[in-house]
Structures are given as C-alpha cells and as structure tokens.
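Q: Below is the file run.cif, which contains mmCIF, C-alpha atoms.
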data_coords
loop_
_atom_site.label_atom_id
_atom_site.label_comp_id
_atom_site.auth_asym_id
_atom_site.auth_seq_id
_atom_site.Cartn_x
_atom_site.Cartn_y
_atom_site.Cartn_z
CA ALA S 1 0.00 0.00 0.00
CA ALA S 2 2.83 2.40 0.82
CA MET S 3 4.49 1.78 -2.56
CA ALA S 4 1.19 2.56 -4.30
CA TYR S 5 0.83 5.69 -2.14
CA ARG S 6 4.27 6.91 -3.21
CA ALA S 7 3.19 6.36 -6.82
CA GLY S 8 0.20 8.66 -6.25
CA ALA S 9 -2.53 6.16 -5.35
CA GLU S 10 -5.12 6.91 -2.68
CA LEU S 11 -5.42 4.73 0.42
CA MET S 12 -8.69 4.12 2.26
CA ASP S 13 -9.96 3.03 5.71
CA LEU S 14 -6.56 2.15 7.19
CA GLU S 15 -7.87 2.68 10.73
CA PHE S 16 -9.62 -0.70 10.57
CA THR S 17 -6.89 -3.11 11.69
CA GLN S 18 -7.62 -6.66 12.86
CA PHE S 19 -5.55 -8.01 15.75
CA HIS S 20 -5.18 -11.71 16.45
CA PRO S 21 -5.11 -12.18 20.24
CA THR S 22 -2.32 -14.74 20.36
CA GLY S 23 1.06 -14.18 18.75
CA MET S 24 4.51 -15.07 20.07
CA VAL S 25 6.10 -12.39 22.26
CA TRP S 26 9.51 -13.91 22.97
CA PRO S 27 12.27 -13.97 21.82
CA PRO S 28 12.25 -10.63 19.94
CA SER S 29 13.30 -12.29 16.68
CA VAL S 30 9.97 -14.15 16.45
CA LYS S 31 7.69 -11.56 18.05
CA GLY S 32 4.30 -11.50 16.32
CA ILE S 33 4.36 -14.98 14.74
CA LEU S 34 0.84 -16.38 14.94
CA VAL S 35 -0.20 -18.89 17.59
CA THR S 36 -3.24 -20.73 16.28
CA GLU S 37 -6.65 -20.43 17.92
CA GLY S 38 -6.59 -24.22 17.84
CA VAL S 39 -4.59 -24.19 21.09
CA ARG S 40 -7.57 -22.66 22.89
CA GLY S 41 -9.99 -24.82 20.93
CA GLU S 42 -8.21 -27.94 22.19
CA GLY S 43 -8.49 -26.81 25.82
CA GLY S 44 -5.73 -24.25 26.29
CA VAL S 45 -6.52 -21.44 28.73
CA LEU S 46 -5.23 -17.90 29.17
CA LEU S 47 -3.60 -17.08 32.51
CA ASN S 48 -2.11 -13.93 34.00
CA ASN S 49 0.93 -13.84 36.27
CA LYS S 50 -1.34 -14.61 39.24
CA ASN S 51 -2.38 -17.88 37.56
CA GLU S 52 -5.93 -16.53 37.09
CA ARG S 53 -8.16 -17.38 34.11
CA PHE S 54 -8.84 -13.70 33.58
CA MET S 55 -11.16 -13.97 30.57
CA PHE S 56 -14.11 -14.54 32.90
CA ASN S 57 -13.69 -10.86 33.84
CA TYR S 58 -14.06 -9.64 30.25
CA ILE S 59 -17.30 -11.14 28.96
CA PRO S 60 -19.22 -8.43 27.01
CA GLU S 61 -22.91 -8.11 27.73
CA LYS S 62 -23.83 -8.93 24.13
CA PHE S 63 -22.05 -12.32 24.43
CA ALA S 64 -23.10 -13.12 27.99
CA LYS S 65 -25.97 -15.45 27.06
CA GLU S 66 -23.71 -17.72 25.01
CA THR S 67 -20.57 -17.65 27.19
CA ALA S 68 -19.78 -19.75 30.25
CA ASP S 69 -19.40 -17.61 33.37
CA THR S 70 -17.85 -20.28 35.62
CA ILE S 71 -14.81 -22.52 35.25
CA GLU S 72 -17.00 -25.55 35.96
CA GLU S 73 -19.30 -24.82 32.99
CA ALA S 74 -16.36 -23.99 30.72
CA GLU S 75 -14.76 -27.34 31.53
CA ARG S 76 -17.99 -29.17 30.74
CA TRP S 77 -17.97 -27.52 27.29
CA PHE S 78 -14.43 -28.76 26.64
CA GLN S 79 -15.58 -32.24 27.66
CA GLY S 80 -18.34 -32.19 25.02
CA ASP S 81 -21.39 -31.21 27.10
CA ASN S 82 -23.82 -29.68 24.58
CA ASP S 83 -25.73 -27.94 27.36
CA ALA S 84 -22.65 -25.98 28.47
CA ARG S 85 -21.80 -22.60 27.00
CA ARG S 86 -18.50 -21.78 25.27
CA PRO S 87 -15.52 -20.80 27.44
CA PRO S 88 -14.63 -17.07 27.43
CA GLU S 89 -11.20 -17.91 25.99
CA LEU S 90 -13.08 -18.50 22.71
CA LEU S 91 -14.72 -15.07 22.54
CA THR S 92 -14.16 -12.97 19.41
CA ARG S 93 -10.61 -11.94 18.51
CA ASP S 94 -11.07 -8.27 19.38
CA VAL S 95 -12.51 -9.06 22.83
CA VAL S 96 -9.69 -11.47 23.73
CA ALA S 97 -6.99 -9.15 22.35
CA LYS S 98 -8.26 -6.18 24.37
CA ALA S 99 -8.49 -8.32 27.51
CA ILE S 100 -4.88 -9.46 27.16
CA MET S 101 -3.63 -5.91 26.66
CA ASN S 102 -5.54 -4.72 29.73
CA GLU S 103 -4.00 -7.45 31.89
CA VAL S 104 -0.54 -6.38 30.72
CA LYS S 105 -1.27 -2.68 31.37
CA GLU S 106 -2.57 -3.51 34.84
CA GLY S 107 0.70 -5.27 35.68
CA ARG S 108 -0.60 -8.83 35.49
CA GLY S 109 1.25 -9.81 32.32
CA SER S 110 3.97 -12.36 31.66
CA ASP S 111 7.70 -11.72 31.96
CA HIS S 112 7.98 -10.47 28.39
CA GLY S 113 4.82 -8.37 28.08
CA GLY S 114 2.16 -10.91 27.19
CA VAL S 115 0.10 -13.47 29.10
CA TYR S 116 0.38 -17.23 29.44
CA LEU S 117 -1.40 -19.71 27.20
CA ASP S 118 -1.39 -23.02 29.02
CA ILE S 119 -2.26 -26.38 27.53
CA ALA S 120 0.60 -28.30 29.19
CA SER S 121 -1.25 -28.73 32.49
CA ARG S 122 -4.51 -29.68 30.78
CA LYS S 123 -3.69 -32.30 28.16
CA PRO S 124 -1.21 -35.23 27.94
CA ALA S 125 2.00 -34.62 26.02
CA GLU S 126 1.18 -37.12 23.27
CA TYR S 127 -2.26 -35.55 22.75
CA ILE S 128 -0.67 -32.09 22.31
CA LYS S 129 1.92 -33.38 19.84
CA LYS S 130 -0.79 -35.14 17.85
CA LYS S 131 -3.33 -32.30 17.77
CA LEU S 132 -0.94 -29.33 17.64
CA PRO S 133 2.22 -30.55 15.89
CA SER S 134 3.04 -27.25 14.19
CA MET S 135 2.72 -25.31 17.45
CA TYR S 136 4.87 -27.87 19.27
CA HIS S 137 7.67 -27.53 16.71
CA GLN S 138 7.26 -23.74 16.38
CA PHE S 139 7.85 -23.09 20.07
CA LYS S 140 10.50 -25.80 20.38
CA GLU S 141 12.59 -24.45 17.50
CA LEU S 142 12.00 -20.69 17.78
CA ALA S 143 11.59 -20.12 21.52
CA GLU S 144 13.11 -23.23 23.10
CA VAL S 145 9.81 -23.82 24.92
CA ASP S 146 8.25 -27.27 25.23
CA ILE S 147 4.49 -26.60 25.17
CA THR S 148 3.83 -30.08 26.59
CA THR S 149 5.52 -29.05 29.86
CA ASP S 150 5.46 -25.23 29.98
CA PRO S 151 2.96 -22.47 29.14
CA MET S 152 3.47 -20.27 26.08
CA GLU S 153 3.85 -16.51 26.30
CA VAL S 154 1.44 -14.83 23.89
CA GLY S 155 0.08 -11.38 23.10
CA PRO S 156 -1.98 -9.64 20.40
CA THR S 157 -0.40 -9.35 16.97
CA LEU S 158 -1.57 -7.33 13.98
CA HIS S 159 -3.23 -9.83 11.67
CA TYR S 160 -5.05 -8.12 8.79
CA PHE S 161 -5.74 -4.72 7.23
CA MET S 162 -9.36 -4.19 6.21
CA GLY S 163 -8.26 -0.93 4.60
CA GLY S 164 -5.66 -0.45 1.89
CA ILE S 165 -5.37 0.92 -1.64
CA ARG S 166 -8.56 2.57 -2.89
CA VAL S 167 -9.76 0.83 -6.06
CA ASP S 168 -12.67 0.74 -8.46
CA HIS S 169 -14.15 -2.67 -7.69
CA ASP S 170 -15.46 -3.13 -11.23
CA THR S 171 -11.91 -3.07 -12.59
CA GLN S 172 -9.60 -3.04 -9.50
CA GLN S 173 -7.82 0.00 -10.97
CA THR S 174 -6.60 2.76 -8.64
CA ASN S 175 -6.76 6.49 -9.34
CA VAL S 176 -3.34 6.03 -11.01
CA PRO S 177 -3.93 4.85 -14.61
CA GLY S 178 -2.44 1.40 -15.13
CA LEU S 179 -2.02 0.61 -11.43
CA PHE S 180 -4.24 -2.25 -10.23
CA ALA S 181 -4.58 -3.82 -6.77
CA CYS S 182 -6.31 -6.80 -5.19
CA GLY S 183 -6.22 -8.84 -1.99
CA GLU S 184 -5.26 -7.53 1.43
CA CYS S 185 -3.48 -4.49 -0.03
CA ALA S 186 -6.81 -3.26 -1.50
CA ALA S 187 -9.61 -1.61 0.48
CA GLY S 188 -13.38 -1.63 0.46
CA LEU S 189 -14.44 -5.26 0.51
CA HIS S 190 -14.28 -6.21 4.20
CA GLY S 191 -15.85 -3.14 5.77
CA ALA S 192 -14.75 -2.51 9.35
CA ASN S 193 -13.95 -6.12 10.29
CA ARG S 194 -13.17 -9.06 8.00
CA LEU S 195 -15.02 -12.32 8.53
CA GLY S 196 -12.76 -15.37 8.81
CA GLY S 197 -12.05 -17.05 5.46
CA ASN S 198 -13.04 -14.10 3.31
CA SER S 199 -9.46 -13.13 2.46
CA LEU S 200 -9.13 -16.20 0.25
CA SER S 201 -12.43 -15.46 -1.50
CA ASP S 202 -11.23 -11.89 -1.97
CA LEU S 203 -8.04 -13.05 -3.71
CA LEU S 204 -9.82 -15.49 -5.99
CA VAL S 205 -12.62 -13.16 -7.12
CA PHE S 206 -10.85 -9.82 -7.28
CA GLY S 207 -7.52 -11.31 -8.34
CA LYS S 208 -9.32 -12.59 -11.44
CA LEU S 209 -10.87 -9.17 -12.03
CA ALA S 210 -7.52 -7.43 -11.59
CA GLY S 211 -5.77 -9.81 -13.99
CA GLU S 212 -8.42 -9.50 -16.68
CA ASN S 213 -8.56 -5.70 -16.52
CA THR S 214 -4.78 -5.37 -16.40
CA GLU S 215 -4.60 -7.34 -19.64
CA LYS S 216 -7.26 -5.09 -21.21
CA TYR S 217 -5.40 -1.97 -20.11
CA CYS S 218 -2.07 -3.20 -21.48
CA SER S 219 -3.66 -4.18 -24.79
CA SER S 220 -5.18 -0.76 -25.34
CA ASN S 221 -2.42 1.52 -24.01
CA GLU S 222 1.16 2.15 -25.00
CA LEU S 223 3.76 1.04 -22.47
CA LYS S 224 5.56 3.99 -20.86
CA SER S 225 8.94 3.47 -19.25
CA SER S 226 10.29 5.35 -16.25
CA SER S 227 12.92 8.00 -16.84
CA ASP S 228 16.55 7.03 -16.37
CA SER S 229 16.96 9.71 -13.69
CA ASP S 230 14.10 8.25 -11.62
CA ILE S 231 15.64 4.77 -11.76
CA ILE S 232 19.10 6.09 -10.84
CA ASN S 233 17.67 8.02 -7.86
CA ILE S 234 15.88 4.92 -6.55
CA ILE S 235 19.02 2.78 -6.86
CA ARG S 236 21.18 5.45 -5.23
CA LYS S 237 18.78 5.93 -2.30
CA ASN S 238 18.90 2.21 -1.52
CA THR S 239 22.62 1.66 -2.09
CA ASP S 240 23.50 4.69 0.05
CA ILE S 241 22.43 2.54 3.00
CA LEU S 242 25.35 0.20 2.24
CA ASN S 243 27.92 2.85 1.43
CA ARG S 244 27.67 5.12 4.48
CA GLU S 245 30.57 5.11 6.92
CA SER S 246 28.16 5.48 9.84
CA GLY S 247 24.46 5.96 10.48
CA THR S 248 21.40 4.83 12.41
CA ASN S 249 20.79 1.14 13.04
CA PRO S 250 17.68 -0.05 11.11
CA TYR S 251 16.88 -2.60 13.81
CA LEU S 252 16.75 0.14 16.45
CA VAL S 253 14.62 2.34 14.18
CA HIS S 254 12.28 -0.61 13.69
CA GLN S 255 12.01 -1.11 17.45
CA SER S 256 11.22 2.59 17.89
CA ILE S 257 8.40 2.37 15.33
CA GLN S 258 7.01 -0.74 17.03
CA LYS S 259 7.07 0.98 20.42
CA ILE S 260 5.29 4.07 19.08
CA MET S 261 2.56 2.00 17.43
CA ASP S 262 2.15 -0.26 20.48
CA HIS S 263 1.82 2.65 22.89
CA HIS S 264 -0.09 5.18 20.80
CA VAL S 265 -1.89 3.43 17.91
CA GLY S 266 -2.67 0.00 19.35
CA ILE S 267 -5.82 -2.01 19.83
CA VAL S 268 -7.48 0.70 21.93
CA ARG S 269 -6.96 4.30 20.84
CA GLU S 270 -7.51 7.80 22.22
CA GLU S 271 -7.13 11.29 20.75
CA GLU S 272 -4.17 12.60 22.72
CA GLU S 273 -2.27 9.31 22.40
CA LEU S 274 -2.84 9.30 18.63
CA LYS S 275 -1.63 12.89 18.30
CA GLU S 276 1.47 12.08 20.35
CA GLY S 277 2.13 9.00 18.22
CA ILE S 278 1.89 11.03 15.00
CA LYS S 279 4.40 13.54 16.40
CA LYS S 280 6.82 10.78 17.39
CA LEU S 281 6.60 9.15 13.96
CA ALA S 282 7.37 12.51 12.33
CA ALA S 283 10.36 13.01 14.65
CA LEU S 284 11.68 9.58 13.65
CA LYS S 285 11.70 10.29 9.90
CA PRO S 286 15.17 11.94 9.81
CA ASP S 287 16.65 8.70 11.18
CA LEU S 288 15.35 6.86 8.11
CA ASP S 289 17.39 9.10 5.82
CA LYS S 290 20.67 8.14 7.45
CA MET S 291 20.31 4.40 8.11
CA LYS S 292 23.42 2.26 7.76
CA ALA S 293 23.62 -1.49 7.05
CA SER S 294 26.65 -3.75 6.59
CA PRO S 295 28.08 -3.33 3.04
CA ALA S 296 27.41 -6.88 1.83
CA SER S 297 24.61 -6.93 -0.78
CA GLN S 298 23.98 -10.70 -0.54
CA TYR S 299 21.73 -12.03 2.25
CA ASN S 300 21.68 -8.77 4.16
CA PRO S 301 18.52 -8.66 6.33
CA GLY S 302 19.60 -5.32 7.82
CA TRP S 303 19.60 -3.78 4.33
CA ASN S 304 16.24 -5.37 3.52
CA LEU S 305 14.75 -3.99 6.74
CA ALA S 306 16.16 -0.51 6.09
CA ILE S 307 14.45 -0.45 2.68
CA ASP S 308 11.18 -1.78 4.15
CA LEU S 309 11.14 0.88 6.87
CA ASN S 310 10.57 3.60 4.27
CA ASN S 311 7.24 1.93 3.48
CA MET S 312 6.49 0.99 7.08
CA ILE S 313 6.64 4.59 8.32
CA ILE S 314 4.11 5.64 5.65
CA THR S 315 1.69 2.88 6.62
CA CYS S 316 2.03 3.67 10.32
CA GLU S 317 1.39 7.37 9.79
CA ALA S 318 -1.63 6.61 7.60
CA VAL S 319 -3.14 4.27 10.21
CA ALA S 320 -2.61 6.85 12.98
CA LYS S 321 -4.09 9.76 11.03
CA SER S 322 -7.07 7.69 9.88
CA ALA S 323 -7.69 6.50 13.45
CA LEU S 324 -7.58 10.10 14.68
CA ILE S 325 -10.16 11.36 12.22
CA ARG S 326 -12.66 8.52 12.86
CA GLN S 327 -14.30 9.53 16.14
CA GLU S 328 -16.20 6.32 16.92
CA SER S 329 -15.62 2.64 17.67
CA ARG S 330 -16.46 0.26 14.85
CA GLY S 331 -15.14 -3.17 13.89
CA GLY S 332 -11.36 -3.27 14.16
CA HIS S 333 -11.15 0.37 15.29
CA THR S 334 -11.72 1.16 18.98
CA ARG S 335 -11.61 4.64 20.54
CA ILE S 336 -12.02 4.80 24.33
CA ASP S 337 -13.02 8.47 24.00
CA PHE S 338 -15.71 7.52 21.45
CA PRO S 339 -16.80 4.03 22.59
CA GLU S 340 -20.00 3.78 20.52
CA GLU S 341 -20.75 3.54 16.81
CA ARG S 342 -22.02 6.81 15.34
CA GLU S 343 -24.53 7.02 12.49
CA GLU S 344 -22.71 10.03 11.00
CA CYS S 345 -19.59 7.89 10.58
CA THR S 346 -21.37 5.52 8.18
CA THR S 347 -21.55 8.29 5.56
CA TYR S 348 -17.85 8.47 4.71
CA ASN S 349 -14.62 6.57 4.16
CA THR S 350 -11.27 7.94 5.29
CA VAL S 351 -9.03 8.61 2.29
CA ILE S 352 -5.27 9.16 2.50
CA LYS S 353 -3.26 10.74 -0.31
CA MET S 354 0.14 12.35 -0.87
CA GLU S 355 -0.01 16.06 -1.63
CA GLU S 356 2.26 17.80 -4.12
CA ASP S 357 4.57 18.98 -1.33
CA GLY S 358 5.01 15.37 -0.15
CA SER S 359 2.81 15.74 2.95
CA MET S 360 0.11 13.23 3.84
CA SER S 361 -3.51 14.39 3.90
CA VAL S 362 -6.53 12.53 5.28
CA THR S 363 -10.10 13.41 4.37
CA LYS S 364 -13.61 12.12 4.97
CA HIS S 365 -14.74 11.02 1.52
CA PRO S 366 -18.56 10.75 1.15
CA ARG S 367 -19.75 7.23 0.53
CA THR S 368 -21.94 6.71 -2.51
CA SER S 369 -24.98 4.45 -2.56
CA PRO S 370 -24.84 1.41 -4.89
CA PRO S 371 -26.41 1.94 -8.32
CA GLU S 372 -30.15 1.26 -8.34
CA ALA S 373 -29.70 -1.60 -10.81
CA LEU S 374 -27.28 -3.38 -8.44
CA THR S 375 -29.64 -2.88 -5.52
CA LYS S 376 -32.50 -4.43 -7.46
CA ILE S 377 -30.34 -7.40 -8.43
CA ALA S 378 -29.29 -7.93 -4.82
CA TYR S 379 -32.86 -7.91 -3.55
CA ALA S 380 -33.95 -10.19 -6.38
CA ASP S 381 -31.24 -12.69 -5.41
CA LEU S 382 -32.35 -12.59 -1.78
CA GLU S 383 -35.97 -13.14 -2.75
CA GLU S 384 -34.99 -16.09 -4.94
CA LEU S 385 -32.94 -17.53 -2.06
CA GLU S 386 -35.86 -17.24 0.37
CA ASN S 387 -38.21 -18.90 -2.13
CA ALA S 388 -35.77 -21.77 -2.51
CA LYS S 389 -35.68 -22.25 1.26
CA THR S 390 -39.47 -22.47 1.50
#
Take the structure in the file and write it out as structure tokens.
A:
Amino acid sequence: AAMAYRAGAELMDLEFTQFHPTGMVWPPSVKGILVTEGVRGEGGVLLNNKNERFMFNYIPEKFAKETADTIEEAERWFQGDNDARRPPELLTRDVVAKAIMNEVKEGRGSDHGGVYLDIASRKPAEYIKKKLPSMYHQFKELAEVDITTDPMEVGPTLHYFMGGIRVDHDTQQTNVPGLFACGECAAGLHGANRLGGNSLSDLLVFGKLAGENTEKYCSSNELKSSSDSDIINIIRKNTDILNRESGTNPYLVHQSIQKIMDHHVGIVREEEELKEGIKKLAALKPDLDKMKASPASQYNPGWNLAIDLNNMIITCEAVAKSALIRQESRGGHTRIDFPEEREECTTYNTVIKMEEDGSMSVTKHPRTSPPEALTKIAYADLEELENAKT
C-alpha cells in the first residue's frame, strides 16, 4: 500500500486493523508470529501472572448469554457437554486481544509483556503433539519452549488490514492509470472487520478481475517506461544505506516504530495518544534518511529492513491519522473516548493521499450508494434464495 501511495494512489480506511489475540512475544526475533486459535480450541486457557483465568472478567454483555461464566461450565464444554456454554477464551478476537492488553497494562502480564497460554497442564503430552504438531515444533525451535511441559507466552499481533489501496471494484484500478490492486493491499471489501475465510475469496474473485482488466489496459495503451533519472535516484537511495561510513541502526529504528505504534496506535486508541504517536513518527523520519547497514549486498537482512522501513513509516502514519479522524468505535477500530458507533460515521470513508509537497492528507470522503440496478439485483437474489428455502 505504501508503494502505491508513493506512486500517487489513494489509500482508504486504514484505521480498521484486525488483531489476532495470540502471537509469540519472545524472543524478539519471532515476536508476532501467529499462535493458532486451535490451542484454545483444544483446551488451552489464558492465565495472567497470578495464575488466574482472567477472561471470565471480560465477557461483554452482548455475548453473555452464550458464554460460560464459571470454570465448571467452561470445563464441561471442553468435555463435550452440549448444554454448556462456550468458554470465554473463545470469545471474538477483538474481545480477547483487548483483555490481554488490559491485563498487561494492569501489571498482570507475563515476563515479556504478554500473558500465558497453558495447555501443558490440561492435556497429555502425546495428545498435544498429535493435535498441535506445528505449534509444538514452532515453540521448540524458535523459543526453546516445550508446550507439553510449559505455558506459552502470547500477546496480540496485527493480523489483517481491512483498509488499503482505494480501487474501483469493477476493474480493481486505482486512481493512477495502469495501477491495479487486489487482496489484502486493497480496500473496500471487508468493511470494518473481516469475517474469517473471506481473504481467500477476496483473492480469488478480485484477483481474477484485476488480472483481466490489467490485460485489457495493457492491450489498449502504450507502455511507458520510467525515466533514467528516476531509476538512478531509486538505486542510489537504496545503495546509500550500504555505502555510508556510519548511520542509524535499522533494527533500532524498527524497534522505535514498534514501540510508538504499540503505545499510541494500538488495539485501543484515544485522541491525545494518537496525536502524540503522530508527532513521534514525524520526529523519527530523519533517522530513516541516514540508516546504515553492513556493506554486503547478498543475504543482508539489515539492508532489507532498512528499505522496508521507508514503506512501514508511511503505513504507520496513515493508520494513525485515519484513526484520529474517525471519532467512533467500529469493527477493528476502537476509541475509548468515542466508545459507541455513530450514524454520522457511516456516511464516509477515510481517504489518504500524498499532496504535491510530499505531505500526507486525510479526508472524509462521502460514501456513494450502490447503483439502483445493483440494488434491485441484490434484492432479487435474496428473494430467490428465500423462495428456494421455503
């Protein structure tokens, strides 16, 4: 999305970010790698540093009727009792993620800033290896933790962007002629919160549309090449990172960006924190212009990271500015100073674009109703579906 933005494309709805509640938190080299919900589905429970199953304290009223409110009932559900309600560890991703972050903020987190996910004390070792082989090997190899004997340390990790590059969904073309986008980098399909499984459908349907319309565009337009000076400038900007005698460490810059986003633009947001985060991101930009990596051009992850950071800072700023302008809580966007959905906020999308002076602007772009013909088709399909059911 950031590369498209630098090419002049508009971005849309980047405030809607989906967090998965359980990602690895230690060691730093693997921070954020996903820990499957299957661990909790097989009986794993979330514990704070007081060994408390804290999720019983975070059951939202709208889910209360379908969620077990005692450990005894939750255990009966795990044992297959159809009359028992689901354990609170299996509440929706946003609820569990927010609960974990609150436990950490309240000082009840794990040693490395997460909470504990324990299946070791609940299931035999052979059962865990059979049902969760990938998780067993992942923690064994990457964290030197045996999940059949010890709890895992987990915390929320950014999982999916509902927003992205603004496209025309009939053709998947952006506002930049000849630039097409589909999949997670494109915006508009998933609203404020993606339903599980829909990312694959998105790729299949809109990937086909993008491919077909790209072919049509190429067949009817002359190919234009970039100027030599543009190409030379891009190469020089990236190779300067290798050729400097000294400079900022890209790994430390990356950690600074992570800290800013964690503290100011995380799962739960608030106006003053967002403004402070935007200021800190702006103050960090000069460090990106003087990053230094080891001079080897082969297998140089420091160089790769330094190049990536130029896109990362754009995405982070866009998320923060979009989150600031949307004064409500909806889907993957939560504001503690605006905890409810607001009807007025359904009338627009947030649109990010680069101005001529290189600055980033964010505007509320009015949403347009679907064409009447499409509306009629949709209702006709629903009516046909209902008739088929009866």
Q: Give me the residues within 6 Å of region 23-33 of chain S as an MDAnalysis selection string, counting all atoms listed in the file and dropping any in the same chain fewer than 4 places off.
A: chainID S and resid 154:157
Q: Would you kindly return, as a CSV table (one decimal) with C-alpha atoms, keeping the file's coordinate frame, each protein, DNA or RNA residue with an atom no farther than 12 Å from any atom of Gln138 (chain S), considering only C-alpha atoms and excluding same-chain residues fewer than 3 positions away?
A:
chain,number,residue,atom,x,y,z
S,23,GLY,CA,1.1,-14.2,18.8
S,24,MET,CA,4.5,-15.1,20.1
S,30,VAL,CA,10.0,-14.2,16.4
S,33,ILE,CA,4.4,-15.0,14.7
S,34,LEU,CA,0.8,-16.4,14.9
S,35,VAL,CA,-0.2,-18.9,17.6
S,36,THR,CA,-3.2,-20.7,16.3
S,129,LYS,CA,1.9,-33.4,19.8
S,132,LEU,CA,-0.9,-29.3,17.6
S,133,PRO,CA,2.2,-30.6,15.9
S,134,SER,CA,3.0,-27.2,14.2
S,135,MET,CA,2.7,-25.3,17.4
S,141,GLU,CA,12.6,-24.4,17.5
S,142,LEU,CA,12.0,-20.7,17.8
S,143,ALA,CA,11.6,-20.1,21.5
S,144,GLU,CA,13.1,-23.2,23.1
S,145,VAL,CA,9.8,-23.8,24.9
S,146,ASP,CA,8.2,-27.3,25.2
S,147,ILE,CA,4.5,-26.6,25.2
S,152,MET,CA,3.5,-20.3,26.1
Q: Counting all atoms listed in the file, which of S:Leu47, S:Val351, S:Cys218, S:Ala318 gets nearest to Asp118 (chain S)?
A: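 With all atoms listed in the file as the atom set, the closest residue is S:Leu47.
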Q: If you apply the PyMOL selection byres ((chain S and resi 300-314) around 9) to this file, what residues do you get, as a count of residues only?
A: 36
Q: Quick one: residues within 10 Å of Arg367 (chain S), only C-alpha atoms counted, chain neighbours fewer than 6 positions away excluded, as a PyMOL selection string?
A: chain S and resi 346-350
Q: Spell out the residues picked by the PyMOL selection byres ((chain S and resi 79-94) around 8) here, as an mmCIF file with C-alpha atoms, keeping the file's coordinate frame.
A:
data_model
loop_
_atom_site.group_PDB
_atom_site.id
_atom_site.type_symbol
_atom_site.label_atom_id
_atom_site.label_comp_id
_atom_site.auth_asym_id
_atom_site.auth_seq_id
_atom_site.Cartn_x
_atom_site.Cartn_y
_atom_site.Cartn_z
ATOM 1 C CA GLN S 18 -7.620 -6.660 12.860
ATOM 2 C CA PHE S 19 -5.550 -8.010 15.750
ATOM 3 C CA HIS S 20 -5.180 -11.710 16.450
ATOM 4 C CA PRO S 21 -5.110 -12.180 20.240
ATOM 5 C CA ARG S 40 -7.570 -22.660 22.890
ATOM 6 C CA GLY S 41 -9.990 -24.820 20.930
ATOM 7 C CA VAL S 45 -6.520 -21.440 28.730
ATOM 8 C CA LEU S 46 -5.230 -17.900 29.170
ATOM 9 C CA MET S 55 -11.160 -13.970 30.570
ATOM 10 C CA PHE S 56 -14.110 -14.540 32.900
ATOM 11 C CA TYR S 58 -14.060 -9.640 30.250
ATOM 12 C CA ILE S 59 -17.300 -11.140 28.960
ATOM 13 C CA GLU S 66 -23.710 -17.720 25.010
ATOM 14 C CA THR S 67 -20.570 -17.650 27.190
ATOM 15 C CA ALA S 68 -19.780 -19.750 30.250
ATOM 16 C CA ASP S 69 -19.400 -17.610 33.370
ATOM 17 C CA GLU S 73 -19.300 -24.820 32.990
ATOM 18 C CA ALA S 74 -16.360 -23.990 30.720
ATOM 19 C CA GLU S 75 -14.760 -27.340 31.530
ATOM 20 C CA ARG S 76 -17.990 -29.170 30.740
ATOM 21 C CA TRP S 77 -17.970 -27.520 27.290
ATOM 22 C CA PHE S 78 -14.430 -28.760 26.640
ATOM 23 C CA VAL S 95 -12.510 -9.060 22.830
ATOM 24 C CA VAL S 96 -9.690 -11.470 23.730
ATOM 25 C CA ALA S 97 -6.990 -9.150 22.350
ATOM 26 C CA LYS S 98 -8.260 -6.180 24.370
ATOM 27 C CA GLY S 332 -11.360 -3.270 14.160
#
